[in-house]
$ cat run.tsv   # TSV, C-alpha atoms
chain	number	residue	atom	x	y	z
A	1	MET	CA	-5.31	-7.78	-33.70
A	2	VAL	CA	-7.87	-10.41	-34.60
A	3	ALA	CA	-11.32	-9.09	-35.36
A	4	ASP	CA	-14.39	-10.12	-33.39
A	5	ALA	CA	-16.26	-11.29	-36.48
A	6	ALA	CA	-15.00	-13.92	-38.84
A	7	PRO	CA	-13.07	-12.32	-41.71
A	8	SER	CA	-14.86	-11.56	-44.95
A	9	GLY	CA	-14.18	-13.68	-48.03
A	10	MET	CA	-14.38	-16.95	-46.09
A	11	THR	CA	-15.11	-20.21	-47.80
A	12	ALA	CA	-18.32	-22.15	-47.14
A	13	ALA	CA	-16.49	-24.43	-44.70
A	14	GLU	CA	-15.12	-21.45	-42.83
A	15	THR	CA	-18.57	-19.87	-42.69
A	16	ARG	CA	-19.99	-22.99	-41.01
A	17	HIS	CA	-17.31	-22.75	-38.33
A	18	ALA	CA	-17.60	-18.97	-37.91
A	19	PRO	CA	-19.01	-19.07	-34.30
A	20	ALA	CA	-16.20	-21.35	-33.18
A	21	ILE	CA	-13.66	-19.15	-34.93
A	22	ARG	CA	-15.03	-16.07	-33.20
A	23	ALA	CA	-14.84	-17.80	-29.82
A	24	LEU	CA	-11.29	-18.92	-30.47
A	25	ALA	CA	-10.38	-15.44	-31.66
A	26	TRP	CA	-11.72	-13.99	-28.42
A	27	LEU	CA	-9.64	-16.44	-26.38
A	28	ALA	CA	-6.61	-15.87	-28.59
A	29	ARG	CA	-6.73	-12.11	-28.11
A	30	ARG	CA	-6.77	-12.54	-24.33
A	31	ALA	CA	-3.97	-15.07	-24.47
A	32	GLU	CA	-1.88	-12.79	-26.69
A	33	ALA	CA	-2.49	-9.82	-24.36
A	34	VAL	CA	-1.07	-11.87	-21.47
A	35	ALA	CA	1.61	-13.91	-23.24
A	36	ILE	CA	3.50	-11.09	-24.96
A	37	PRO	CA	3.88	-8.80	-21.91
A	38	LEU	CA	4.78	-11.84	-19.81
A	39	GLY	CA	7.39	-12.87	-22.36
A	40	ALA	CA	8.77	-9.32	-22.41
A	41	VAL	CA	9.04	-9.35	-18.62
A	42	LEU	CA	10.88	-12.69	-18.67
A	43	VAL	CA	13.33	-11.39	-21.28
A	44	GLY	CA	13.84	-8.24	-19.20
A	45	LEU	CA	14.53	-10.34	-16.09
A	46	ALA	CA	16.99	-12.48	-18.06
A	47	LEU	CA	18.88	-9.39	-19.24
A	48	PHE	CA	18.93	-8.01	-15.71
A	49	SER	CA	20.27	-11.33	-14.45
A	50	LEU	CA	23.16	-11.01	-16.89
A	51	PHE	CA	23.75	-7.50	-15.56
A	52	LEU	CA	23.89	-8.84	-12.00
A	53	VAL	CA	26.26	-11.65	-12.96
A	54	THR	CA	28.69	-9.12	-14.44
A	55	LEU	CA	28.62	-7.37	-11.03
A	56	GLY	CA	29.33	-10.66	-9.27
A	57	LYS	CA	25.84	-10.84	-7.71
A	58	SER	CA	23.38	-13.70	-7.63
A	59	PRO	CA	20.09	-13.28	-9.56
A	60	ALA	CA	18.49	-15.89	-7.30
A	61	ALA	CA	19.37	-13.82	-4.24
A	62	LEU	CA	17.75	-10.80	-5.86
A	63	VAL	CA	14.52	-12.68	-6.51
A	64	ASP	CA	14.48	-13.89	-2.91
A	65	LEU	CA	15.00	-10.35	-1.59
A	66	VAL	CA	12.31	-8.92	-3.89
A	67	TRP	CA	9.85	-11.46	-2.54
A	68	ARG	CA	10.81	-10.93	1.09
A	69	GLY	CA	10.92	-7.15	0.77
A	70	GLY	CA	7.71	-6.85	-1.20
A	71	PHE	CA	5.46	-9.64	-0.04
A	72	GLY	CA	7.25	-11.71	2.59
A	73	SER	CA	5.54	-10.25	5.66
A	74	ALA	CA	2.57	-8.16	6.74
A	75	PHE	CA	4.79	-5.09	6.93
A	76	ALA	CA	6.14	-5.80	3.43
A	77	TRP	CA	2.61	-6.09	2.06
A	78	GLN	CA	1.63	-2.84	3.73
A	79	ASN	CA	4.66	-1.09	2.26
A	80	SER	CA	3.93	-2.50	-1.20
A	81	LEU	CA	0.28	-1.44	-1.09
A	82	GLN	CA	1.31	2.02	0.09
A	83	ARG	CA	3.58	2.38	-2.94
A	84	ALA	CA	1.00	0.88	-5.28
A	85	ALA	CA	-1.61	3.54	-4.43
A	86	PRO	CA	-0.06	6.44	-6.42
A	87	LEU	CA	0.85	4.04	-9.24
A	88	LEU	CA	-2.85	3.33	-9.80
A	89	PHE	CA	-3.51	6.99	-10.62
A	90	ALA	CA	-0.25	7.42	-12.53
A	91	GLY	CA	-1.10	4.39	-14.65
A	92	LEU	CA	-4.50	5.85	-15.52
A	93	CYS	CA	-2.81	9.08	-16.66
A	94	VAL	CA	-1.11	7.05	-19.38
A	95	ALA	CA	-3.85	4.48	-20.07
A	96	LEU	CA	-6.75	6.87	-20.69
A	97	PRO	CA	-5.12	9.01	-23.44
A	98	ALA	CA	-3.59	5.83	-24.88
A	99	ARG	CA	-7.05	4.73	-26.03
A	100	LEU	CA	-6.88	7.71	-28.40
A	101	GLY	CA	-3.48	6.62	-29.65
A	102	LEU	CA	-1.61	9.17	-27.52
A	103	VAL	CA	1.48	8.40	-25.47
A	104	VAL	CA	1.38	10.81	-22.52
A	105	ILE	CA	4.39	10.41	-20.23
A	106	GLY	CA	4.15	13.59	-18.19
A	107	GLY	CA	2.19	12.25	-15.25
A	108	GLU	CA	4.99	13.14	-12.85
A	109	GLY	CA	4.36	16.84	-13.42
A	110	ALA	CA	0.64	16.44	-12.81
A	111	ILE	CA	1.32	14.57	-9.56
A	112	VAL	CA	3.59	17.34	-8.28
A	113	LEU	CA	1.22	20.15	-9.28
A	114	GLY	CA	-1.75	18.24	-7.89
A	115	GLY	CA	-0.04	17.84	-4.53
A	116	LEU	CA	0.98	21.50	-4.49
A	117	ALA	CA	-2.56	22.65	-5.36
A	118	ALA	CA	-4.01	20.45	-2.60
A	119	ALA	CA	-1.57	21.87	-0.06
A	120	VAL	CA	-2.31	25.45	-1.10
A	121	ALA	CA	-6.08	24.95	-0.91
A	122	ALA	CA	-6.13	23.86	2.74
A	123	PRO	CA	-4.74	26.83	4.79
A	124	PRO	CA	-7.33	29.41	3.61
A	125	LEU	CA	-10.08	27.03	4.75
A	126	SER	CA	-8.65	26.64	8.24
A	127	GLY	CA	-11.48	26.12	10.70
A	128	ALA	CA	-13.93	24.75	8.14
A	129	PRO	CA	-15.27	21.18	8.52
A	130	ALA	CA	-12.64	18.62	7.58
A	131	PRO	CA	-14.75	16.93	4.84
A	132	LEU	CA	-15.17	20.32	3.14
A	133	VAL	CA	-11.45	21.06	3.31
A	134	ILE	CA	-10.51	17.61	2.02
A	135	ALA	CA	-13.00	17.91	-0.85
A	136	ALA	CA	-11.60	21.34	-1.74
A	137	MET	CA	-8.06	19.93	-1.69
A	138	ALA	CA	-9.03	17.07	-3.99
A	139	LEU	CA	-10.88	19.40	-6.36
A	140	ALA	CA	-7.96	21.85	-6.51
A	141	ALA	CA	-5.57	18.99	-7.25
A	142	MET	CA	-7.76	17.57	-10.02
A	143	LEU	CA	-8.23	20.97	-11.65
A	144	ALA	CA	-4.48	21.60	-11.62
A	145	GLY	CA	-3.67	18.21	-13.12
A	146	ALA	CA	-6.46	18.43	-15.69
A	147	ALA	CA	-5.32	21.87	-16.83
A	148	TRP	CA	-1.68	20.78	-17.11
A	149	ILE	CA	-2.13	17.54	-19.06
A	150	GLY	CA	-5.21	18.89	-20.84
A	151	ALA	CA	-2.92	21.57	-22.28
A	152	VAL	CA	-0.86	18.76	-23.80
A	153	GLY	CA	-4.02	17.45	-25.44
A	154	ALA	CA	-4.91	20.91	-26.71
A	155	LEU	CA	-1.45	21.32	-28.23
A	156	LYS	CA	-1.90	17.98	-29.98
A	157	ALA	CA	-5.48	18.56	-31.10
A	158	TYR	CA	-5.17	22.13	-32.37
A	159	ARG	CA	-1.50	22.53	-33.26
A	160	GLY	CA	-0.35	18.98	-33.99
A	161	VAL	CA	2.37	19.03	-31.31
A	162	ASP	CA	3.67	15.57	-30.40
A	163	ALA	CA	1.98	14.59	-27.13
A	164	THR	CA	4.88	12.46	-25.91
A	165	ILE	CA	7.48	15.21	-26.20
A	166	ALA	CA	5.13	17.94	-25.01
A	167	SER	CA	4.04	16.01	-21.91
A	168	LEU	CA	7.64	15.11	-20.99
A	169	LEU	CA	8.85	18.70	-21.32
A	170	MET	CA	5.85	20.06	-19.42
A	171	SER	CA	6.58	17.57	-16.66
A	172	TYR	CA	10.03	19.08	-16.14
A	173	ILE	CA	8.51	22.57	-16.21
A	174	ALA	CA	5.92	21.55	-13.61
A	175	ILE	CA	8.55	20.12	-11.25
A	176	ALA	CA	10.75	23.20	-11.60
A	177	LEU	CA	7.76	25.50	-11.06
A	178	ALA	CA	6.62	23.58	-7.99
A	179	ASN	CA	10.13	23.61	-6.48
A	180	HIS	CA	10.36	27.35	-7.05
A	181	LEU	CA	7.03	27.99	-5.34
A	182	ILE	CA	7.71	25.61	-2.44
A	183	GLU	CA	11.14	27.07	-1.78
A	184	GLY	CA	10.02	30.65	-2.43
A	185	PRO	CA	6.60	32.34	-2.23
A	186	LEU	CA	4.73	29.38	-0.70
A	187	ARG	CA	7.38	28.24	1.75
A	188	ASP	CA	6.47	27.73	5.39
A	189	PRO	CA	8.93	29.95	7.31
A	190	THR	CA	9.29	27.24	9.97
A	191	SER	CA	10.45	24.61	7.45
A	192	LEU	CA	14.16	25.20	7.85
A	193	ASN	CA	16.05	22.17	6.53
A	194	LYS	CA	13.26	20.75	4.38
A	195	PRO	CA	11.43	23.48	2.43
A	196	SER	CA	7.70	22.84	2.37
A	197	THR	CA	4.37	24.62	2.24
A	198	LEU	CA	2.22	25.33	5.27
A	199	PRO	CA	0.81	22.13	6.82
A	200	VAL	CA	-2.73	21.20	5.85
A	201	GLY	CA	-3.56	20.54	9.49
A	202	GLU	CA	-3.85	17.32	11.43
A	203	ALA	CA	-7.66	17.45	11.30
A	204	ASN	CA	-7.59	17.51	7.50
A	205	MET	CA	-5.36	14.47	7.15
A	206	LEU	CA	-6.81	11.22	5.79
A	207	GLY	CA	-6.50	8.15	7.96
A	208	ALA	CA	-5.80	4.56	7.07
A	209	MET	CA	-8.20	2.03	5.62
A	210	PRO	CA	-9.45	-0.35	8.33
A	211	GLY	CA	-7.69	-3.67	8.52
A	212	ILE	CA	-4.75	-3.03	6.22
A	213	GLY	CA	-3.20	0.17	7.57
A	214	VAL	CA	-2.88	1.76	4.11
A	215	HIS	CA	-4.27	5.21	3.36
A	216	TRP	CA	-7.51	5.68	1.42
A	217	GLY	CA	-5.63	6.47	-1.78
A	218	LEU	CA	-5.40	2.72	-2.39
A	219	GLY	CA	-9.17	2.21	-2.26
A	220	ALA	CA	-9.81	5.36	-4.28
A	221	GLY	CA	-7.30	4.23	-6.88
A	222	VAL	CA	-9.00	0.85	-7.31
A	223	VAL	CA	-12.39	2.56	-7.63
A	224	ALA	CA	-10.91	4.97	-10.19
A	225	CYS	CA	-9.60	2.06	-12.25
A	226	LEU	CA	-13.00	0.37	-12.17
A	227	ALA	CA	-14.73	3.63	-13.15
A	228	ALA	CA	-12.25	4.14	-16.00
A	229	TRP	CA	-12.95	0.63	-17.29
A	230	LEU	CA	-16.70	1.24	-17.20
A	231	LEU	CA	-16.24	4.55	-19.01
A	232	MET	CA	-14.03	3.13	-21.73
A	233	ASP	CA	-15.69	-0.25	-22.28
A	234	ARG	CA	-19.31	0.22	-21.34
A	235	THR	CA	-20.33	3.68	-22.53
A	236	THR	CA	-20.97	5.37	-25.85
A	237	LEU	CA	-18.29	7.93	-25.05
A	238	GLY	CA	-15.73	5.20	-24.53
A	239	PHE	CA	-16.79	3.59	-27.81
A	240	SER	CA	-16.25	6.93	-29.56
A	241	VAL	CA	-12.78	7.16	-28.05
A	242	ARG	CA	-11.88	3.69	-29.28
A	243	ILE	CA	-13.03	4.60	-32.80
A	244	ALA	CA	-11.01	7.82	-32.77
A	245	GLY	CA	-7.99	5.93	-31.43
A	246	GLY	CA	-8.26	3.30	-34.14
A	247	ASN	CA	-8.75	5.63	-37.12
A	248	VAL	CA	-8.95	9.39	-36.70
A	249	ARG	CA	-10.10	9.98	-40.27
A	250	ALA	CA	-12.94	7.47	-39.94
A	251	ALA	CA	-13.99	9.09	-36.66
A	252	GLN	CA	-14.06	12.53	-38.28
A	253	ILE	CA	-16.15	11.21	-41.17
A	254	GLN	CA	-18.61	9.82	-38.62
A	255	GLY	CA	-18.85	13.28	-37.09
A	256	LEU	CA	-17.12	12.47	-33.81
A	257	PRO	CA	-15.57	15.46	-31.97
A	258	VAL	CA	-12.04	14.12	-32.10
A	259	ARG	CA	-10.37	17.30	-30.84
A	260	ARG	CA	-12.66	17.57	-27.85
A	261	LEU	CA	-12.13	13.89	-27.07
A	262	ILE	CA	-8.36	14.39	-27.12
A	263	VAL	CA	-8.50	17.41	-24.82
A	264	GLY	CA	-11.08	15.82	-22.54
A	265	PHE	CA	-9.32	12.49	-22.04
A	266	THR	CA	-5.87	13.99	-21.58
A	267	ALA	CA	-7.42	16.29	-18.96
A	268	LEU	CA	-9.06	13.28	-17.33
A	269	GLY	CA	-5.72	11.49	-17.22
A	270	GLY	CA	-4.10	14.57	-15.69
A	271	ALA	CA	-6.81	14.78	-13.04
A	272	ALA	CA	-6.20	11.13	-12.16
A	273	ALA	CA	-2.46	11.70	-11.79
A	274	ALA	CA	-3.08	14.80	-9.68
A	275	LEU	CA	-5.11	12.70	-7.24
A	276	ALA	CA	-1.92	10.77	-6.52
A	277	GLY	CA	-0.36	14.06	-5.45
A	278	PHE	CA	-3.43	14.90	-3.39
A	279	PHE	CA	-3.21	11.65	-1.42
A	280	GLU	CA	0.55	12.09	-0.91
A	281	VAL	CA	-0.20	15.45	0.74
A	282	ALA	CA	-3.45	14.62	2.52
A	283	ALA	CA	-2.53	11.13	3.70
A	284	VAL	CA	1.27	10.92	3.86
A	285	GLN	CA	3.24	14.18	3.96
A	286	GLY	CA	0.85	16.73	5.41
A	287	ASN	CA	2.32	19.42	3.17
A	288	ALA	CA	3.87	19.83	-0.25
A	289	ASN	CA	7.62	19.41	-0.52
A	290	ALA	CA	10.26	18.08	-2.91
A	291	THR	CA	9.39	14.45	-2.18
A	292	LEU	CA	6.26	14.80	-4.32
A	293	ALA	CA	8.57	14.18	-7.30
A	294	ALA	CA	9.26	10.59	-6.23
A	295	GLY	CA	9.15	9.05	-9.70
A	296	TYR	CA	5.63	7.61	-9.43
A	297	GLY	CA	4.65	9.28	-12.69
A	298	PHE	CA	7.44	7.59	-14.60
A	299	THR	CA	6.79	4.18	-13.02
A	300	GLY	CA	3.15	4.69	-13.98
A	301	ILE	CA	4.21	4.54	-17.63
A	302	LEU	CA	5.52	1.03	-17.05
A	303	VAL	CA	2.34	0.13	-15.15
A	304	ALA	CA	0.12	1.25	-18.03
A	305	PHE	CA	2.14	-0.56	-20.69
A	306	LEU	CA	2.32	-3.78	-18.65
A	307	ALA	CA	-1.44	-3.57	-18.18
A	308	ARG	CA	-1.91	-3.03	-21.92
A	309	HIS	CA	-3.77	0.21	-21.05
A	310	ASN	CA	-6.56	-1.88	-19.53
A	311	PRO	CA	-7.78	-0.14	-16.34
A	312	LEU	CA	-8.81	-3.48	-14.81
A	313	ALA	CA	-5.27	-4.80	-15.19
A	314	ILE	CA	-3.66	-1.74	-13.63
A	315	PRO	CA	-4.24	-2.70	-9.91
A	316	PRO	CA	-2.39	-6.05	-10.00
A	317	VAL	CA	0.44	-4.59	-12.08
A	318	ALA	CA	0.72	-1.59	-9.74
A	319	LEU	CA	0.88	-3.96	-6.78
A	320	ALA	CA	3.68	-5.98	-8.42
A	321	LEU	CA	5.73	-2.89	-9.17
A	322	GLY	CA	4.91	-1.44	-5.74
A	323	GLY	CA	6.37	-4.59	-4.22
A	324	LEU	CA	9.43	-4.28	-6.44
A	325	GLU	CA	10.05	-0.73	-5.28
A	326	ALA	CA	9.32	-1.60	-1.66
A	327	SER	CA	12.11	-4.17	-1.77
A	328	GLY	CA	14.64	-1.62	-3.06
A	329	GLY	CA	16.03	-0.75	0.37
A	330	LEU	CA	16.46	-4.39	1.38
A	331	ILE	CA	18.23	-5.16	-1.91
A	332	GLN	CA	20.54	-2.23	-1.43
A	333	ARG	CA	21.53	-3.29	2.09
A	334	ARG	CA	21.87	-7.02	1.57
A	335	MET	CA	23.47	-7.05	-1.88
A	336	GLN	CA	25.34	-3.76	-1.55
A	337	LEU	CA	23.86	-2.45	-4.76
A	338	PRO	CA	23.12	1.22	-5.49
A	339	ASP	CA	19.66	2.80	-5.27
A	340	ALA	CA	19.44	2.89	-9.04
A	341	THR	CA	19.37	-0.93	-9.28
A	342	ILE	CA	15.58	-1.08	-9.33
A	343	LEU	CA	15.49	1.73	-11.89
A	344	VAL	CA	17.80	-0.30	-14.13
A	345	LEU	CA	15.45	-3.26	-13.84
A	346	GLU	CA	12.41	-1.11	-14.59
A	347	GLY	CA	14.18	0.44	-17.56
A	348	LEU	CA	15.01	-2.98	-19.01
A	349	LEU	CA	11.44	-4.16	-18.50
A	350	PHE	CA	10.08	-1.08	-20.25
A	351	LEU	CA	12.50	-1.49	-23.16
A	352	CYS	CA	11.47	-5.13	-23.58
A	353	LEU	CA	7.80	-4.14	-23.45
A	354	LEU	CA	8.31	-1.60	-26.21
A	355	VAL	CA	10.00	-4.25	-28.34
A	356	GLY	CA	7.18	-6.65	-27.47
A	357	GLU	CA	4.65	-4.17	-28.87
A	358	THR	CA	5.98	-5.02	-32.33
A	359	ALA	CA	5.15	-8.70	-31.82
A	360	TYR	CA	1.37	-8.35	-31.73
A	361	GLY	CA	-0.33	-10.01	-34.68
A	362	ARG	CA	2.86	-11.81	-35.75
A	363	PHE	CA	2.20	-15.22	-34.18
A	364	LYS	CA	-0.15	-17.59	-35.99
A	365	ILE	CA	-1.02	-19.35	-32.74
A	366	PHE	CA	-2.96	-16.23	-31.76
A	367	SER	CA	-4.84	-16.09	-35.12
A	368	PRO	CA	-7.52	-18.81	-35.13
A	369	HIS	CA	-8.97	-17.73	-38.48
A	370	LEU	CA	-5.62	-18.69	-40.04
A	371	TRP	CA	-5.97	-22.19	-38.61
A	372	ALA	CA	-9.43	-22.48	-40.15
A	373	SER	CA	-8.19	-21.21	-43.49
A	374	ARG	CA	-5.34	-23.70	-43.50
A	375	LYS	CA	-7.66	-26.56	-42.49
A	376	ALA	CA	-10.18	-25.62	-45.19
A	377	SER	CA	-7.42	-25.44	-47.80
A	378	ALA	CA	-6.17	-28.88	-46.80
A	379	THR	CA	-9.61	-30.42	-47.18
$ encode --input "run.tsv" --output "structure tokens"
Amino acid sequence: MVADAAPSGMTAAETRHAPAIRALAWLARRAEAVAIPLGAVLVGLALFSLFLVTLGKSPAALVDLVWRGGFGSAFAWQNSLQRAAPLLFAGLCVALPARLGLVVIGGEGAIVLGGLAAAVAAPPLSGAPAPLVIAAMALAAMLAGAAWIGAVGALKAYRGVDATIASLLMSYIAIALANHLIEGPLRDPTSLNKPSTLPVGEANMLGAMPGIGVHWGLGAGVVACLAAWLLMDRTTLGFSVRIAGGNVRAAQIQGLPVRRLIVGFTALGGAAAALAGFFEVAAVQGNANATLAAGYGFTGILVAFLARHNPLAIPPVALALGGLEASGGLIQRRMQLPDATILVLEGLLFLCLLVGETAYGRFKIFSPHLWASRKASAT
């Protein structure tokens, strides 16, 4: 990555042009942050097109169906926005710890536990004012998610356990635990064919946002992304996190509480993911059941990487992937492809993004100080 200031050891000519170099470096960093993920996506789409051709299907027809299914009508937009809402929170679960250099991929478990905690919190408060019940549900969900993913951070900070592996394994444990509780001790006796918890009550359900017909999870997710950006980029705490993420040893020498930062920000990410589960219960399902494990946590990994862990970039990326998933049913019917088709596409995109991560800093076009050095050498 190009530094903000002009590099040390510059010649006199380079020093004169330092402000221009800094401005170009700023532009180059933004261009690189857009160009490399975009290139990775194009390569992923090209590979998926080859996959479709081997199946005897038309890539152009797929693109047309993705557009029509995701954004071609008011209903398609509503469906895409509905699917984008949980992806906003799931993306934050990955993006926040990533600033500390951690790859946390267990957001799915936090979503499921968050939804279960929200569903469990409502029945004992039956008869209380709806705002109080909804607030209790949200708080219970956030505490459950924070404890679950925060434990991953604690394992990393105090025992050196790999956060990626730990979060993935804990996600499977969380899903298995939730299924056991939903089908066993917490099961509503009246839920015969579809095991679920007791309903949270019609009065405690969240309505839709005016004008767009999408539940309030979408608006809350956008606000959460904005708040995360302010926290990470405009506060002293966020600055400390960026230092610790860049060089742990340097952060420790400066006296920063690296372990507490790791635990705190993994817990914050878990709380964000759990809110996705809360909104699935309080605005969509009305109870906790097996559909809480819908894969939003895993798609959130792709959202965070496409957004380069920038909270401000998460909403548009979540909308794009929400549209992609919303078109899955139409693609399946019209092209006679299996449900897993969209998962194959998402897997290829993620693989290309990971490869693209190795390309940062390798292109001279994104390094203006190298242009200045070359120009100075020539003169």
$ residues_around --input "run.tsv" --residues "Pro257 (chain A)" --least-positions-apart "2" --cutoff "12 Å" --atoms "only C-alpha atoms" --output "VMD selection string"
chain A and resid 157 237 240 to 241 243 to 244 248 to 255 259 to 264
$ closest_residue --input "run.tsv" --among "A:Gly109, A:Gly127, A:Gly114, A:Pro19" --to "Leu139 (chain A)" --atoms "all atoms listed in the file"
A:Gly114
$ closest_atom_pairs --input "run.tsv" --of "region 113-220 of chain A" --to "region 57-74 of chain A" --cutoff "12 Å" --atoms "only C-alpha atoms" --output "JSON lines"
{"residue": "A:Gly211", "atom": "CA", "partner": "A:Ala74", "partner_atom": "CA", "distance": 11.3}
{"residue": "A:Ile212", "atom": "CA", "partner": "A:Ala74", "partner_atom": "CA", "distance": 9.0}
{"residue": "A:Gly213", "atom": "CA", "partner": "A:Ala74", "partner_atom": "CA", "distance": 10.2}
{"residue": "A:Val214", "atom": "CA", "partner": "A:Ala74", "partner_atom": "CA", "distance": 11.6}
$ residues_around --input "run.tsv" --residues "Val103 (chain A)" --least-positions-apart "2" --cutoff "7 Å" --atoms "only C-alpha atoms" --output "PyMOL selection string"
chain A and resi 94+97-98+101+105+163-164
$ residues_around --input "run.tsv" --residues "Gly56 (chain A)" --least-positions-apart "6" --cutoff "12 Å" --atoms "all atoms listed in the file" --output "list in words"
Ser49, Leu50, Met335, Gln336 and Leu337 of chain A
$ residues_around --input "run.tsv" --residues "Ala272 (chain A)" --least-positions-apart "6" --cutoff "12 Å" --atoms "only C-alpha atoms" --output "mmCIF file with C-alpha atoms, in the frame of the given file"
data_model
loop_
_atom_site.group_PDB
_atom_site.id
_atom_site.type_symbol
_atom_site.label_atom_id
_atom_site.label_comp_id
_atom_site.auth_asym_id
_atom_site.auth_seq_id
_atom_site.Cartn_x
_atom_site.Cartn_y
_atom_site.Cartn_z
ATOM 1 C CA ALA A 85 -1.610 3.540 -4.430
ATOM 2 C CA PRO A 86 -0.060 6.440 -6.420
ATOM 3 C CA LEU A 87 0.850 4.040 -9.240
ATOM 4 C CA LEU A 88 -2.850 3.330 -9.800
ATOM 5 C CA PHE A 89 -3.510 6.990 -10.620
ATOM 6 C CA ALA A 90 -0.250 7.420 -12.530
ATOM 7 C CA GLY A 91 -1.100 4.390 -14.650
ATOM 8 C CA LEU A 92 -4.500 5.850 -15.520
ATOM 9 C CA CYS A 93 -2.810 9.080 -16.660
ATOM 10 C CA VAL A 94 -1.110 7.050 -19.380
ATOM 11 C CA ALA A 95 -3.850 4.480 -20.070
ATOM 12 C CA LEU A 96 -6.750 6.870 -20.690
ATOM 13 C CA PRO A 97 -5.120 9.010 -23.440
ATOM 14 C CA GLY A 107 2.190 12.250 -15.250
ATOM 15 C CA GLU A 108 4.990 13.140 -12.850
ATOM 16 C CA ALA A 110 0.640 16.440 -12.810
ATOM 17 C CA ILE A 111 1.320 14.570 -9.560
ATOM 18 C CA GLY A 114 -1.750 18.240 -7.890
ATOM 19 C CA GLY A 115 -0.040 17.840 -4.530
ATOM 20 C CA ALA A 138 -9.030 17.070 -3.990
ATOM 21 C CA LEU A 139 -10.880 19.400 -6.360
ATOM 22 C CA ALA A 141 -5.570 18.990 -7.250
ATOM 23 C CA MET A 142 -7.760 17.570 -10.020
ATOM 24 C CA LEU A 143 -8.230 20.970 -11.650
ATOM 25 C CA ALA A 144 -4.480 21.600 -11.620
ATOM 26 C CA GLY A 145 -3.670 18.210 -13.120
ATOM 27 C CA ALA A 146 -6.460 18.430 -15.690
ATOM 28 C CA ALA A 147 -5.320 21.870 -16.830
ATOM 29 C CA TRP A 148 -1.680 20.780 -17.110
ATOM 30 C CA ILE A 149 -2.130 17.540 -19.060
ATOM 31 C CA GLY A 150 -5.210 18.890 -20.840
ATOM 32 C CA GLY A 217 -5.630 6.470 -1.780
ATOM 33 C CA ALA A 220 -9.810 5.360 -4.280
ATOM 34 C CA GLY A 221 -7.300 4.230 -6.880
ATOM 35 C CA VAL A 222 -9.000 0.850 -7.310
ATOM 36 C CA VAL A 223 -12.390 2.560 -7.630
ATOM 37 C CA ALA A 224 -10.910 4.970 -10.190
ATOM 38 C CA CYS A 225 -9.600 2.060 -12.250
ATOM 39 C CA ALA A 227 -14.730 3.630 -13.150
ATOM 40 C CA ALA A 228 -12.250 4.140 -16.000
ATOM 41 C CA PHE A 265 -9.320 12.490 -22.040
ATOM 42 C CA THR A 266 -5.870 13.990 -21.580
ATOM 43 C CA PHE A 278 -3.430 14.900 -3.390
ATOM 44 C CA PHE A 279 -3.210 11.650 -1.420
ATOM 45 C CA GLY A 297 4.650 9.280 -12.690
ATOM 46 C CA GLY A 300 3.150 4.690 -13.980
#
$ closest_atom_pairs --input "run.tsv" --of "region 74-143 of chain A" --to "region 172-194 of chain A" --cutoff "7 Å" --atoms "only C-alpha atoms" --output "tab-separated table"
residue	atom	partner	partner_atom	distance
A:Gly109	CA	A:Ala174	CA	5.0
A:Val112	CA	A:Ile175	CA	6.4
A:Leu113	CA	A:Ala178	CA	6.5
A:Leu116	CA	A:Ala178	CA	7.0
$ atom_distance --input "run.tsv" --atom1 "CA of Gly201 (chain A)" --atom2 "CA of Val133 (chain A)"
10.0 Å
$ atom_distance --input "run.tsv" --atom1 "CA of Ala293 (chain A)" --atom2 "CA of Ala122 (chain A)"
20.3 Å
$ closest_residue --input "run.tsv" --among "A:Met232, A:Gln78, A:Ile365, A:Phe48" --to "Leu349 (chain A)" --atoms "all atoms listed in the file"
A:Phe48
$ closest_residue --input "run.tsv" --among "A:Ala118, A:Ala267, A:Met209, A:Leu45" --to "Ala154 (chain A)" --atoms "only C-alpha atoms"
A:Ala267
$ closest_residue --input "run.tsv" --among "A:Gly295, A:Gly245, A:Pro124, A:Gly207" --to "Gly322 (chain A)" --atoms "only C-alpha atoms"
A:Gly295
$ atom_distance --input "run.tsv" --atom1 "CA of Asn204 (chain A)" --atom2 "CA of Gly277 (chain A)"
15.2 Å
$ closest_residue --input "run.tsv" --among "A:Ala84, A:Ala128, A:Ala151, A:Val200" --to "Val303 (chain A)" --atoms "all atoms listed in the file"
A:Ala84
